[in-house]
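To start, the structure itself, in structure tokens.
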Amino acid sequence: MGSGISGLVDHEKLTSNNGPFETGLGDLPESCIALVLTHLDPTEICKIGRVNRTFRQASLTDLVWELKLPENYQILVKKYHLDKNLWSNSSEESRRLTKKELYARLCRPHHFGSSNNKVFWMEKDRGICVCVSWKEMKITGIEDRRYWSHISSDESRFSTIAFLKQIWWVEVEGDLEFEFPAGNYSLFFRLQLGKTSRRLGRRICTVDQVHGWNIKPVQFQLSTSNGQEATTKYYLNEPGQWIHYHVGDFVVDKYSSMPTKLKFSMTQIDCTHTKGGLCLDSLLILPTEIGPKKSRLTS
Amino acid sequence: MASSSKTEQKKMLILKSSEEEEFEIEESIAVQSGTIKNMVEDDFTLIPLPNVDTETLIKIIKYMKKHGEKTKSNEKDIEEFDKEFVKKSFTELKELVLAANYLHITSLIDLLCQAFADRIKNKSVKAIREIFGIPNDFTPEEEAEVYEQHKWAHEEGKEHIDHSAY
């Protein structure tokens, strides 16, 4: 889409407040104000809409908000039914949403996948983020209560985490197909050493089962269907808090109309020692610029 | 402009401000304005601009002349010019943006809007009203409604940041 600025000349719309106020923005036409707003971020735009009626109208125009949407927003809206009219049963009859409404909807988390174990949302200006629950991953021994148990948790987007008691063979694999808008993305595994519980409202983390993570590192891998790959190794050694382990980055090209296909994994299969006491929550993918800065490097 | 084999060589136009003052300008430079370009295509050489006063027209001509001589080598120079160009009072900027809008000079509209945006960024609603002398024409009910609609912009963002901070 081009800059879309031409065609907005609107001489007739000059507001005629010939009051005592002469300076600045007061008597600019709504179209001009809308142009100014395209240079502001969404929070600012909403704030400016509170100044007066003209500003409010300007802050609602599609022109302003279309520029804030990810460039493949139409694909996302269609595939995940974001334009469904929430108040009536017939989605065919739904009034067309304004771009601002679409923007607001994209900012909310949308669960998808056969069991809703994946979620996406838009963060800040135009970045799409995806989170995949452990439930969507293939985990060796996950059904065996000797090794892994499933715990409800309010510290997970999906309300449940997988806890590893003890095992020789840690192997977690997964894949994802998603329509990421063009850009650079970082991929993280969200893990915690130690089991959290609440006692008298306070968060307590029990670490007595944590063992085996400082002997050999865990290997994390990422690969895309178009040949991008990343491998990292970390010793896990900060018990008591959730940490995002940075696996690697990938790039989504501008003109690809196909969804991005990823494979990711986490393994520690050295059978000379057992490991345990690990909580596995999810995989997180964020635009690189807004990713958590923490990453754990091998010592 | 060096002599070319084209038929229009250094064709001059006359721009006339709302105060009837006339300014000569090369056509090749003046057509940075979409409005003027259209009029030229309709064979005008004297372009009346009843919406633009003399002072503003002078500044616009200065802008177009500078940007008309844009080459690969003087990009930095033009950047500096642009930076200085927007160091003006609100009233002047307002007159300029109205004129640039009327004249359809895309790059100038962009430059001026960015300048305005930079000045209203990070200011409270009240401060913006005071600085620009904009009266609040909302009824109390409307004002409350707009505030409610505004809240999502903050709350949506926060929810996700907190989660990943665990």
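Here, A, B, ... name the chains of the structure tokens in the order displayed, residue numbers run from 1 inside each chain, and ligands are numbered from 1 in the same displayed order.
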Tell me which protein, DNA and RNA residues are within 10 Å of range 107-109 of chain B, counting only C-alpha atoms, leaving out same-chain ones fewer than 2 positions away, and put them as a PyMOL selection string. (chain A and resi 5+32+35-36) or (chain B and resi 32-33+60+63-64+67+82+96-105+111-115)
Please write the residues from the selection above to a file, keeping N, CA, C and O atoms, as a short mmCIF file (atom, residue, chain, number, x, y, z; two decimals), in the first residue's frame.
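This went into again-v4.cif:
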data_model
loop_
_atom_site.label_atom_id
_atom_site.label_comp_id
_atom_site.auth_asym_id
_atom_site.auth_seq_id
_atom_site.Cartn_x
_atom_site.Cartn_y
_atom_site.Cartn_z
N ILE A 5 -1.33 9.43 0.99
CA ILE A 5 -1.53 10.78 1.51
C ILE A 5 -2.29 11.63 0.50
O ILE A 5 -3.04 12.51 0.87
N CYS A 32 -5.83 16.92 8.01
CA CYS A 32 -4.45 17.29 8.35
C CYS A 32 -4.07 16.69 9.69
O CYS A 32 -2.96 16.19 9.87
N LEU A 35 -3.18 13.21 9.38
CA LEU A 35 -1.82 13.02 8.87
C LEU A 35 -0.79 13.15 9.99
O LEU A 35 0.18 12.41 10.05
N VAL A 36 -0.99 14.14 10.86
CA VAL A 36 -0.07 14.30 11.99
C VAL A 36 -0.09 13.03 12.84
O VAL A 36 0.94 12.53 13.27
N GLN B 32 6.84 19.89 -8.07
CA GLN B 32 6.87 19.08 -6.85
C GLN B 32 5.51 19.21 -6.16
O GLN B 32 5.16 18.40 -5.31
N SER B 33 4.80 20.28 -6.54
CA SER B 33 3.45 20.45 -6.02
C SER B 33 2.48 19.79 -6.99
O SER B 33 2.41 20.15 -8.17
N ILE B 60 7.62 28.26 1.04
CA ILE B 60 7.38 27.04 0.26
C ILE B 60 8.28 27.00 -0.98
O ILE B 60 8.83 25.97 -1.34
N TYR B 63 11.61 25.92 0.04
CA TYR B 63 11.65 24.46 0.25
C TYR B 63 11.74 23.72 -1.07
O TYR B 63 12.57 22.83 -1.26
N MET B 64 10.90 24.13 -2.00
CA MET B 64 10.88 23.40 -3.28
C MET B 64 12.19 23.57 -4.02
O MET B 64 12.69 22.65 -4.65
N HIS B 67 14.74 21.27 -2.41
CA HIS B 67 14.47 19.86 -2.71
C HIS B 67 14.52 19.58 -4.20
O HIS B 67 14.67 18.43 -4.62
N ASP B 82 16.06 20.68 6.27
CA ASP B 82 14.75 20.30 6.77
C ASP B 82 14.65 20.53 8.27
O ASP B 82 13.64 21.01 8.78
N LEU B 96 1.94 26.72 7.07
CA LEU B 96 2.69 25.91 6.10
C LEU B 96 1.99 24.60 5.80
O LEU B 96 1.92 24.18 4.65
N VAL B 97 1.47 23.96 6.84
CA VAL B 97 0.87 22.64 6.58
C VAL B 97 -0.43 22.80 5.79
O VAL B 97 -0.74 21.99 4.91
N LEU B 98 -1.17 23.87 6.06
CA LEU B 98 -2.37 24.11 5.28
C LEU B 98 -2.00 24.35 3.81
O LEU B 98 -2.64 23.83 2.90
N ALA B 99 -0.96 25.14 3.60
CA ALA B 99 -0.54 25.43 2.23
C ALA B 99 0.01 24.19 1.55
O ALA B 99 -0.32 23.90 0.39
N ALA B 100 0.85 23.43 2.27
CA ALA B 100 1.45 22.23 1.67
C ALA B 100 0.37 21.22 1.32
O ALA B 100 0.45 20.52 0.31
N ASN B 101 -0.64 21.14 2.17
CA ASN B 101 -1.77 20.25 1.93
C ASN B 101 -2.51 20.67 0.66
O ASN B 101 -2.81 19.87 -0.21
N TYR B 102 -2.79 21.98 0.56
CA TYR B 102 -3.49 22.52 -0.61
C TYR B 102 -2.66 22.30 -1.87
O TYR B 102 -3.19 21.98 -2.92
N LEU B 103 -1.34 22.48 -1.74
CA LEU B 103 -0.48 22.37 -2.91
C LEU B 103 -0.07 20.93 -3.20
O LEU B 103 0.57 20.65 -4.20
N HIS B 104 -0.42 20.01 -2.30
CA HIS B 104 -0.09 18.61 -2.54
C HIS B 104 1.40 18.38 -2.68
O HIS B 104 1.86 17.77 -3.65
N ILE B 105 2.18 18.88 -1.71
CA ILE B 105 3.63 18.61 -1.75
C ILE B 105 3.90 17.54 -0.70
O ILE B 105 4.10 17.83 0.49
N LEU B 111 7.07 16.14 6.33
CA LEU B 111 8.04 16.80 7.20
C LEU B 111 7.32 17.62 8.27
O LEU B 111 7.64 17.57 9.46
N LEU B 112 6.31 18.39 7.85
CA LEU B 112 5.61 19.25 8.79
C LEU B 112 4.80 18.42 9.79
O LEU B 112 4.75 18.74 10.98
N CYS B 113 4.16 17.37 9.33
CA CYS B 113 3.37 16.53 10.24
C CYS B 113 4.26 15.87 11.27
O CYS B 113 3.88 15.76 12.45
N GLN B 114 5.44 15.45 10.83
CA GLN B 114 6.37 14.86 11.79
C GLN B 114 6.76 15.89 12.84
O GLN B 114 6.87 15.58 14.02
N ALA B 115 6.97 17.14 12.40
CA ALA B 115 7.35 18.20 13.33
C ALA B 115 6.25 18.43 14.35
O ALA B 115 6.50 18.58 15.55
#
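Interface residues of chain B facing chain A, defined by any atom at most 7 Å away and using only C-alpha atoms, are B:Phe90, B:Thr91, B:Lys94, B:Asn101, B:Tyr102, B:Cys113, B:Gln114, B:Phe116, B:Ala117, B:Lys121, B:Val125, B:Arg129, B:Phe132, B:Gly133, B:Ile134, B:Asn136, B:Asp137, B:Phe138, B:Val146, B:Tyr147, B:His150, B:Ala153, B:His154, B:Glu156, B:Gly157, B:Tyr166.
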Give me a file of those residues, with N, CA, C and O atoms, as a compact mmCIF listing (two decimals), in the first residue's frame.
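Okay, this is what ended up in result_30.txt:
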# COMPACT_ATOMS: atom_id res chain seq x y z
N PHE B 90 4.34 27.75 16.03
CA PHE B 90 3.19 26.91 15.69
C PHE B 90 2.34 27.54 14.60
O PHE B 90 1.85 26.86 13.70
N THR B 91 2.16 28.85 14.72
CA THR B 91 1.32 29.53 13.73
C THR B 91 1.91 29.39 12.33
O THR B 91 1.21 29.09 11.37
N LYS B 94 1.51 25.92 11.13
CA LYS B 94 0.12 25.65 10.76
C LYS B 94 -0.16 26.19 9.37
O LYS B 94 -0.74 25.52 8.54
N ASN B 101 -0.64 21.14 2.17
CA ASN B 101 -1.77 20.25 1.93
C ASN B 101 -2.51 20.67 0.66
O ASN B 101 -2.81 19.87 -0.21
N TYR B 102 -2.79 21.98 0.56
CA TYR B 102 -3.49 22.52 -0.61
C TYR B 102 -2.66 22.30 -1.87
O TYR B 102 -3.19 21.98 -2.92
N CYS B 113 4.16 17.37 9.33
CA CYS B 113 3.37 16.53 10.24
C CYS B 113 4.26 15.87 11.27
O CYS B 113 3.88 15.76 12.45
N GLN B 114 5.44 15.45 10.83
CA GLN B 114 6.37 14.86 11.79
C GLN B 114 6.76 15.89 12.84
O GLN B 114 6.87 15.58 14.02
N PHE B 116 5.02 18.47 13.89
CA PHE B 116 3.88 18.63 14.80
C PHE B 116 3.82 17.46 15.76
O PHE B 116 3.64 17.63 16.97
N ALA B 117 3.96 16.26 15.22
CA ALA B 117 3.87 15.05 16.05
C ALA B 117 4.93 15.10 17.14
O ALA B 117 4.66 14.79 18.31
N LYS B 121 3.95 14.90 21.15
CA LYS B 121 4.28 13.64 21.80
C LYS B 121 4.50 13.87 23.28
O LYS B 121 5.06 14.87 23.67
N VAL B 125 -3.13 15.62 27.73
CA VAL B 125 -4.26 16.18 26.97
C VAL B 125 -4.47 17.64 27.35
O VAL B 125 -4.66 18.52 26.51
N ARG B 129 -4.15 21.08 25.01
CA ARG B 129 -5.21 22.07 24.85
C ARG B 129 -4.69 23.47 25.17
O ARG B 129 -4.96 24.43 24.45
N PHE B 132 -1.97 24.78 22.50
CA PHE B 132 -2.52 25.10 21.19
C PHE B 132 -3.81 25.89 21.26
O PHE B 132 -4.40 26.21 20.24
N GLY B 133 -4.24 26.19 22.47
CA GLY B 133 -5.45 26.98 22.60
C GLY B 133 -6.65 26.30 21.99
O GLY B 133 -7.41 26.91 21.24
N ILE B 134 -6.82 25.00 22.31
CA ILE B 134 -7.95 24.27 21.75
C ILE B 134 -8.99 24.10 22.84
O ILE B 134 -8.72 23.51 23.87
N ASN B 136 -12.08 22.56 24.84
CA ASN B 136 -12.64 21.22 25.00
C ASN B 136 -14.12 21.27 24.65
O ASN B 136 -14.91 21.87 25.37
N ASP B 137 -14.49 20.66 23.53
CA ASP B 137 -15.90 20.74 23.14
C ASP B 137 -16.67 19.45 23.39
O ASP B 137 -17.73 19.21 22.83
N PHE B 138 -16.13 18.60 24.25
CA PHE B 138 -16.85 17.38 24.61
C PHE B 138 -17.85 17.66 25.72
O PHE B 138 -17.59 18.46 26.61
N VAL B 146 -14.88 8.63 25.72
CA VAL B 146 -13.61 8.61 25.00
C VAL B 146 -12.50 8.08 25.90
O VAL B 146 -11.63 7.35 25.47
N TYR B 147 -12.55 8.45 27.17
CA TYR B 147 -11.53 7.99 28.10
C TYR B 147 -11.59 6.47 28.22
O TYR B 147 -10.56 5.80 28.25
N HIS B 150 -10.06 4.81 25.42
CA HIS B 150 -8.61 5.01 25.43
C HIS B 150 -7.92 3.98 26.30
O HIS B 150 -6.80 3.59 26.04
N ALA B 153 -5.79 0.87 25.22
CA ALA B 153 -4.46 1.03 24.63
C ALA B 153 -3.39 0.76 25.66
O ALA B 153 -2.33 0.23 25.35
N HIS B 154 -3.67 1.13 26.91
CA HIS B 154 -2.69 0.86 27.96
C HIS B 154 -2.80 -0.56 28.47
O HIS B 154 -1.85 -1.28 28.58
N GLU B 156 -4.16 -3.38 27.35
CA GLU B 156 -3.82 -4.51 26.49
C GLU B 156 -2.33 -4.75 26.50
O GLU B 156 -1.85 -5.83 26.64
N GLY B 157 -1.60 -3.64 26.33
CA GLY B 157 -0.15 -3.78 26.25
C GLY B 157 0.41 -4.37 27.52
O GLY B 157 1.23 -5.27 27.51
N TYR B 166 7.76 -12.90 34.12
CA TYR B 166 7.88 -13.92 35.17
C TYR B 166 9.25 -14.58 35.12
O TYR B 166 9.64 -15.04 34.06
Shortest contact to Arg119 in chain B, candidates B:Leu93, B:Glu24, B:Pro135, B:Glu142, atoms counted only C-alpha atoms, goes to B:Leu93
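A straight line drawn from CA of Val251 in chain A to CA of Gln219 in chain A is 21.4 Å long.
Of the listed residues (A:Gly240, A:Gly227, A:Gly277, A:Gly201), A:Gly227 comes nearest to Lys261 in chain A; the distances count only C-alpha atoms.
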Work out how far apart CA of Glu19 in chain B and CA of Thr54 in chain B are and give it in Å to one decimal. 6.4 Å
Expressed in Å, the length from CA of Glu92 in chain B to CA of Glu66 in chain A is 29.7 Å
Do a neighbour search on Leu191 in chain A at 12 Å with only C-alpha atoms, toss out local chain neighbours closer than 3 positions, and write the hits as a ChimeraX atom specification. /A:133-134,155-156,161-164,188,194-195,218,234,236-246,266,277-284,295-296 /B:164,166
Residues within 8 Å of Thr267 in chain A, please, as number ranges by chain. Count only C-alpha atoms; anything in the same chain fewer than 2 positions from it doesn't count. A: 169-172, 218-220, 265, 269
Save out the residues we just selected, all heavy atoms, as a compact mmCIF listing (two decimals), in the first residue's frame.
# COMPACT_ATOMS: atom_id res chain seq x y z
N TRP A 169 16.48 -39.11 29.81
CA TRP A 169 16.35 -38.68 28.41
C TRP A 169 15.35 -37.53 28.30
O TRP A 169 14.15 -37.74 28.36
CB TRP A 169 15.86 -39.88 27.59
CG TRP A 169 15.83 -39.71 26.12
CD1 TRP A 169 14.90 -39.02 25.38
CD2 TRP A 169 16.76 -40.24 25.17
NE1 TRP A 169 15.18 -39.11 24.05
CE2 TRP A 169 16.32 -39.86 23.88
CE3 TRP A 169 17.91 -41.02 25.29
CZ2 TRP A 169 17.01 -40.22 22.72
CZ3 TRP A 169 18.58 -41.38 24.12
CH2 TRP A 169 18.12 -40.97 22.85
N VAL A 170 15.89 -36.32 28.15
CA VAL A 170 15.00 -35.17 27.95
C VAL A 170 14.95 -34.85 26.46
O VAL A 170 15.96 -34.53 25.86
CB VAL A 170 15.51 -33.92 28.69
CG1 VAL A 170 14.62 -32.70 28.36
CG2 VAL A 170 15.53 -34.15 30.18
N GLU A 171 13.77 -35.01 25.91
CA GLU A 171 13.63 -34.66 24.49
C GLU A 171 12.27 -34.02 24.29
O GLU A 171 11.24 -34.64 24.51
CB GLU A 171 13.78 -35.90 23.62
CG GLU A 171 13.87 -35.53 22.15
CD GLU A 171 14.24 -36.72 21.26
OE1 GLU A 171 14.22 -37.85 21.77
OE2 GLU A 171 14.54 -36.50 20.08
N VAL A 172 12.30 -32.77 23.87
CA VAL A 172 11.08 -32.01 23.64
C VAL A 172 11.14 -31.48 22.22
O VAL A 172 12.12 -30.84 21.84
CB VAL A 172 10.98 -30.82 24.61
CG1 VAL A 172 9.74 -29.98 24.32
CG2 VAL A 172 11.00 -31.29 26.05
N VAL A 218 22.11 -28.27 28.00
CA VAL A 218 20.93 -28.64 27.23
C VAL A 218 21.10 -28.05 25.83
O VAL A 218 21.60 -26.93 25.68
CB VAL A 218 19.66 -28.03 27.88
CG1 VAL A 218 18.43 -28.34 27.04
CG2 VAL A 218 19.50 -28.55 29.30
N GLN A 219 20.70 -28.80 24.84
CA GLN A 219 20.83 -28.29 23.47
C GLN A 219 19.48 -27.81 22.96
O GLN A 219 18.48 -28.53 23.05
CB GLN A 219 21.38 -29.38 22.57
CG GLN A 219 21.53 -28.90 21.13
CD GLN A 219 22.35 -29.85 20.29
OE1 GLN A 219 23.58 -29.80 20.28
NE2 GLN A 219 21.66 -30.74 19.60
N PHE A 220 19.46 -26.62 22.41
CA PHE A 220 18.22 -26.07 21.85
C PHE A 220 18.43 -25.87 20.36
O PHE A 220 19.47 -25.40 19.92
CB PHE A 220 17.93 -24.70 22.48
CG PHE A 220 17.67 -24.75 23.96
CD1 PHE A 220 18.71 -24.68 24.86
CD2 PHE A 220 16.37 -24.85 24.44
CE1 PHE A 220 18.47 -24.72 26.23
CE2 PHE A 220 16.12 -24.87 25.81
CZ PHE A 220 17.17 -24.81 26.70
N SER A 265 13.34 -27.60 19.15
CA SER A 265 13.53 -28.72 20.07
C SER A 265 14.46 -28.36 21.20
O SER A 265 15.23 -27.39 21.13
CB SER A 265 14.11 -29.93 19.33
OG SER A 265 15.43 -29.63 18.93
N ILE A 269 20.23 -35.63 26.29
CA ILE A 269 20.08 -37.09 26.26
C ILE A 269 21.36 -37.81 26.67
O ILE A 269 21.59 -38.94 26.30
CB ILE A 269 19.62 -37.56 24.88
CG1 ILE A 269 20.59 -37.03 23.79
CG2 ILE A 269 18.20 -37.08 24.60
CD1 ILE A 269 20.24 -37.55 22.42
Might you pull out every residue within 9 Å of Glu20 in chain B, with only C-alpha atoms counted and same-chain residues fewer than 6 positions away left off, and present them as number ranges by chain? B: 48-50, 53-54
Backbone-only DSSP, strand (DSSP E or B) members of range 39-202 of chain A, as number ranges by chain: A: 110-112, 118-123, 127-133, 138-139, 148-152, 160-164, 167, 170-178, 183-193, 195-199, 202
Hey, which of A:Asp62, A:Asp125, A:Pro287, A:Glu30 ends up closest to Arg96 in chain A? Count only C-alpha atoms. A:Asp62
Find the spatial neighbours of Phe250 in chain A, counting only C-alpha atoms, within a cut-off of 8 Å - ignore same-chain residues fewer than 2 positions away - and output them as a ChimeraX atom specification. /A:184-186,224,228-229,248,252
Any chance you can output those residues with all heavy atoms as an mmCIF file, in the first residue's frame?
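Result saved to out.cif:
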data_model
loop_
_atom_site.group_PDB
_atom_site.id
_atom_site.type_symbol
_atom_site.label_atom_id
_atom_site.label_comp_id
_atom_site.auth_asym_id
_atom_site.auth_seq_id
_atom_site.Cartn_x
_atom_site.Cartn_y
_atom_site.Cartn_z
ATOM 1 N N ASN A 184 12.151 -9.696 11.755
ATOM 2 C CA ASN A 184 13.102 -10.563 12.457
ATOM 3 C C ASN A 184 12.487 -11.031 13.765
ATOM 4 O O ASN A 184 11.946 -10.220 14.513
ATOM 5 C CB ASN A 184 14.376 -9.793 12.799
ATOM 6 C CG ASN A 184 15.073 -9.314 11.545
ATOM 7 O OD1 ASN A 184 15.038 -9.975 10.519
ATOM 8 N ND2 ASN A 184 15.681 -8.161 11.615
ATOM 9 N N TYR A 185 12.592 -12.316 14.023
ATOM 10 C CA TYR A 185 11.981 -12.885 15.216
ATOM 11 C C TYR A 185 12.982 -13.668 16.030
ATOM 12 O O TYR A 185 13.930 -14.233 15.504
ATOM 13 C CB TYR A 185 10.822 -13.816 14.837
ATOM 14 C CG TYR A 185 9.699 -13.076 14.177
ATOM 15 C CD1 TYR A 185 9.695 -12.882 12.794
ATOM 16 C CD2 TYR A 185 8.659 -12.535 14.925
ATOM 17 C CE1 TYR A 185 8.683 -12.170 12.184
ATOM 18 C CE2 TYR A 185 7.638 -11.832 14.315
ATOM 19 C CZ TYR A 185 7.653 -11.651 12.950
ATOM 20 O OH TYR A 185 6.651 -10.946 12.349
ATOM 21 N N SER A 186 12.724 -13.715 17.355
ATOM 22 C CA SER A 186 13.554 -14.504 18.259
ATOM 23 C C SER A 186 12.682 -15.552 18.920
ATOM 24 O O SER A 186 11.510 -15.292 19.225
ATOM 25 C CB SER A 186 14.153 -13.609 19.342
ATOM 26 O OG SER A 186 14.994 -12.651 18.762
ATOM 27 N N THR A 224 13.894 -23.567 10.090
ATOM 28 C CA THR A 224 12.722 -23.153 9.315
ATOM 29 C C THR A 224 12.705 -23.939 8.015
ATOM 30 O O THR A 224 13.726 -24.464 7.582
ATOM 31 C CB THR A 224 12.770 -21.654 8.958
ATOM 32 O OG1 THR A 224 13.821 -21.441 8.018
ATOM 33 C CG2 THR A 224 12.996 -20.805 10.188
ATOM 34 N N GLN A 228 16.715 -21.792 7.382
ATOM 35 C CA GLN A 228 17.391 -21.082 8.470
ATOM 36 C C GLN A 228 17.493 -22.020 9.660
ATOM 37 O O GLN A 228 16.576 -22.788 9.934
ATOM 38 C CB GLN A 228 16.590 -19.847 8.874
ATOM 39 C CG GLN A 228 16.409 -18.863 7.721
ATOM 40 C CD GLN A 228 15.537 -17.706 8.127
ATOM 41 O OE1 GLN A 228 15.923 -16.898 8.942
ATOM 42 N NE2 GLN A 228 14.336 -17.652 7.566
ATOM 43 N N GLU A 229 18.640 -21.946 10.347
ATOM 44 C CA GLU A 229 18.842 -22.840 11.487
ATOM 45 C C GLU A 229 19.564 -22.118 12.603
ATOM 46 O O GLU A 229 20.330 -21.192 12.357
ATOM 47 C CB GLU A 229 19.725 -24.016 11.063
ATOM 48 C CG GLU A 229 18.994 -25.042 10.236
ATOM 49 C CD GLU A 229 19.909 -26.171 9.817
ATOM 50 O OE1 GLU A 229 21.111 -26.132 10.160
ATOM 51 O OE2 GLU A 229 19.414 -27.070 9.151
ATOM 52 N N GLY A 248 17.320 -18.918 19.192
ATOM 53 C CA GLY A 248 17.889 -18.368 17.974
ATOM 54 C C GLY A 248 16.908 -17.418 17.328
ATOM 55 O O GLY A 248 15.844 -17.143 17.870
ATOM 56 N N VAL A 252 11.609 -13.464 8.457
ATOM 57 C CA VAL A 252 10.496 -13.734 7.551
ATOM 58 C C VAL A 252 10.566 -12.705 6.439
ATOM 59 O O VAL A 252 10.626 -11.506 6.689
ATOM 60 C CB VAL A 252 9.146 -13.622 8.301
ATOM 61 C CG1 VAL A 252 7.984 -13.817 7.342
ATOM 62 C CG2 VAL A 252 9.092 -14.631 9.417
#
Just want the 8 Å neighbourhood of Lys118 in chain A, counted on only C-alpha atoms, with same-chain residues fewer than 2 positions away dropped. Output as a CSV table (one decimal) with all heavy atoms, in the first residue's frame.
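Okay, this is what ended up in part-v5.csv:
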chain,number,residue,atom,x,y,z
A,111,HIS,N,-6.4,-17.5,20.9
A,111,HIS,CA,-5.9,-18.9,21.0
A,111,HIS,C,-6.3,-19.6,19.7
A,111,HIS,O,-7.3,-19.3,19.1
A,111,HIS,CB,-6.6,-19.6,22.2
A,111,HIS,CG,-6.0,-19.2,23.5
A,111,HIS,ND1,-5.1,-20.0,24.2
A,111,HIS,CD2,-6.2,-18.0,24.2
A,111,HIS,CE1,-4.8,-19.3,25.3
A,111,HIS,NE2,-5.4,-18.2,25.3
A,112,PHE,N,-5.4,-20.4,19.2
A,112,PHE,CA,-5.7,-21.2,18.0
A,112,PHE,C,-5.1,-22.6,18.1
A,112,PHE,O,-4.5,-22.9,19.0
A,112,PHE,CB,-5.2,-20.4,16.8
A,112,PHE,CG,-3.7,-20.3,16.7
A,112,PHE,CD1,-2.9,-21.1,15.9
A,112,PHE,CD2,-3.0,-19.3,17.5
A,112,PHE,CE1,-1.5,-20.9,15.8
A,112,PHE,CE2,-1.6,-19.2,17.4
A,112,PHE,CZ,-0.9,-20.0,16.6
A,113,GLY,N,-5.4,-23.3,17.0
A,113,GLY,CA,-4.9,-24.7,17.0
A,113,GLY,C,-6.0,-25.6,17.5
A,113,GLY,O,-7.0,-25.1,18.1
A,116,ASN,N,-6.6,-25.2,21.1
A,116,ASN,CA,-6.3,-23.9,21.6
A,116,ASN,C,-5.0,-23.8,22.5
A,116,ASN,O,-5.0,-23.0,23.4
A,116,ASN,CB,-7.5,-23.3,22.4
A,116,ASN,CG,-8.6,-22.9,21.5
A,116,ASN,OD1,-8.4,-22.6,20.3
A,116,ASN,ND2,-9.8,-22.8,22.0
A,120,PHE,N,-1.7,-16.1,19.8
A,120,PHE,CA,-0.9,-15.0,19.2
A,120,PHE,C,-1.6,-13.7,19.6
A,120,PHE,O,-2.8,-13.6,19.9
A,120,PHE,CB,-0.8,-15.2,17.7
A,120,PHE,CG,-2.0,-14.8,16.9
A,120,PHE,CD1,-2.1,-13.5,16.4
A,120,PHE,CD2,-3.0,-15.7,16.6
A,120,PHE,CE1,-3.2,-13.1,15.7
A,120,PHE,CE2,-4.1,-15.3,15.9
A,120,PHE,CZ,-4.2,-14.0,15.4
A,130,VAL,N,3.9,-15.1,19.2
A,130,VAL,CA,3.2,-16.3,19.3
A,130,VAL,C,3.7,-17.1,20.5
A,130,VAL,O,4.9,-17.1,20.8
A,130,VAL,CB,3.4,-17.2,18.1
A,130,VAL,CG1,2.8,-18.6,18.2
A,130,VAL,CG2,2.8,-16.5,16.8
A,131,CYS,N,2.8,-17.8,21.2
A,131,CYS,CA,3.3,-18.6,22.3
A,131,CYS,C,2.6,-20.0,22.1
A,131,CYS,O,1.5,-20.1,21.8
A,131,CYS,CB,2.8,-18.0,23.6
A,131,CYS,SG,3.5,-18.8,25.1
A,132,VAL,N,3.5,-21.1,22.3
A,132,VAL,CA,3.0,-22.4,22.1
A,132,VAL,C,3.1,-23.2,23.4
A,132,VAL,O,4.2,-23.3,24.0
A,132,VAL,CB,3.8,-23.1,21.0
A,132,VAL,CG1,3.4,-24.6,20.8
A,132,VAL,CG2,3.8,-22.4,19.7
A,133,SER,N,2.1,-23.8,23.9
A,133,SER,CA,2.1,-24.5,25.1
A,133,SER,C,2.8,-25.8,25.0
A,133,SER,O,2.9,-26.4,23.9
A,133,SER,CB,0.7,-24.8,25.6
A,133,SER,OG,0.6,-25.7,26.6
A,136,GLU,N,1.4,-28.8,23.1
A,136,GLU,CA,1.4,-29.0,21.7
A,136,GLU,C,2.7,-29.7,21.3
A,136,GLU,O,2.9,-29.9,20.1
A,136,GLU,CB,1.4,-27.6,21.0
A,136,GLU,CG,0.0,-27.1,20.8
A,136,GLU,CD,-0.8,-27.8,19.8
A,136,GLU,OE1,-0.3,-28.0,18.7
A,136,GLU,OE2,-1.9,-28.2,20.1
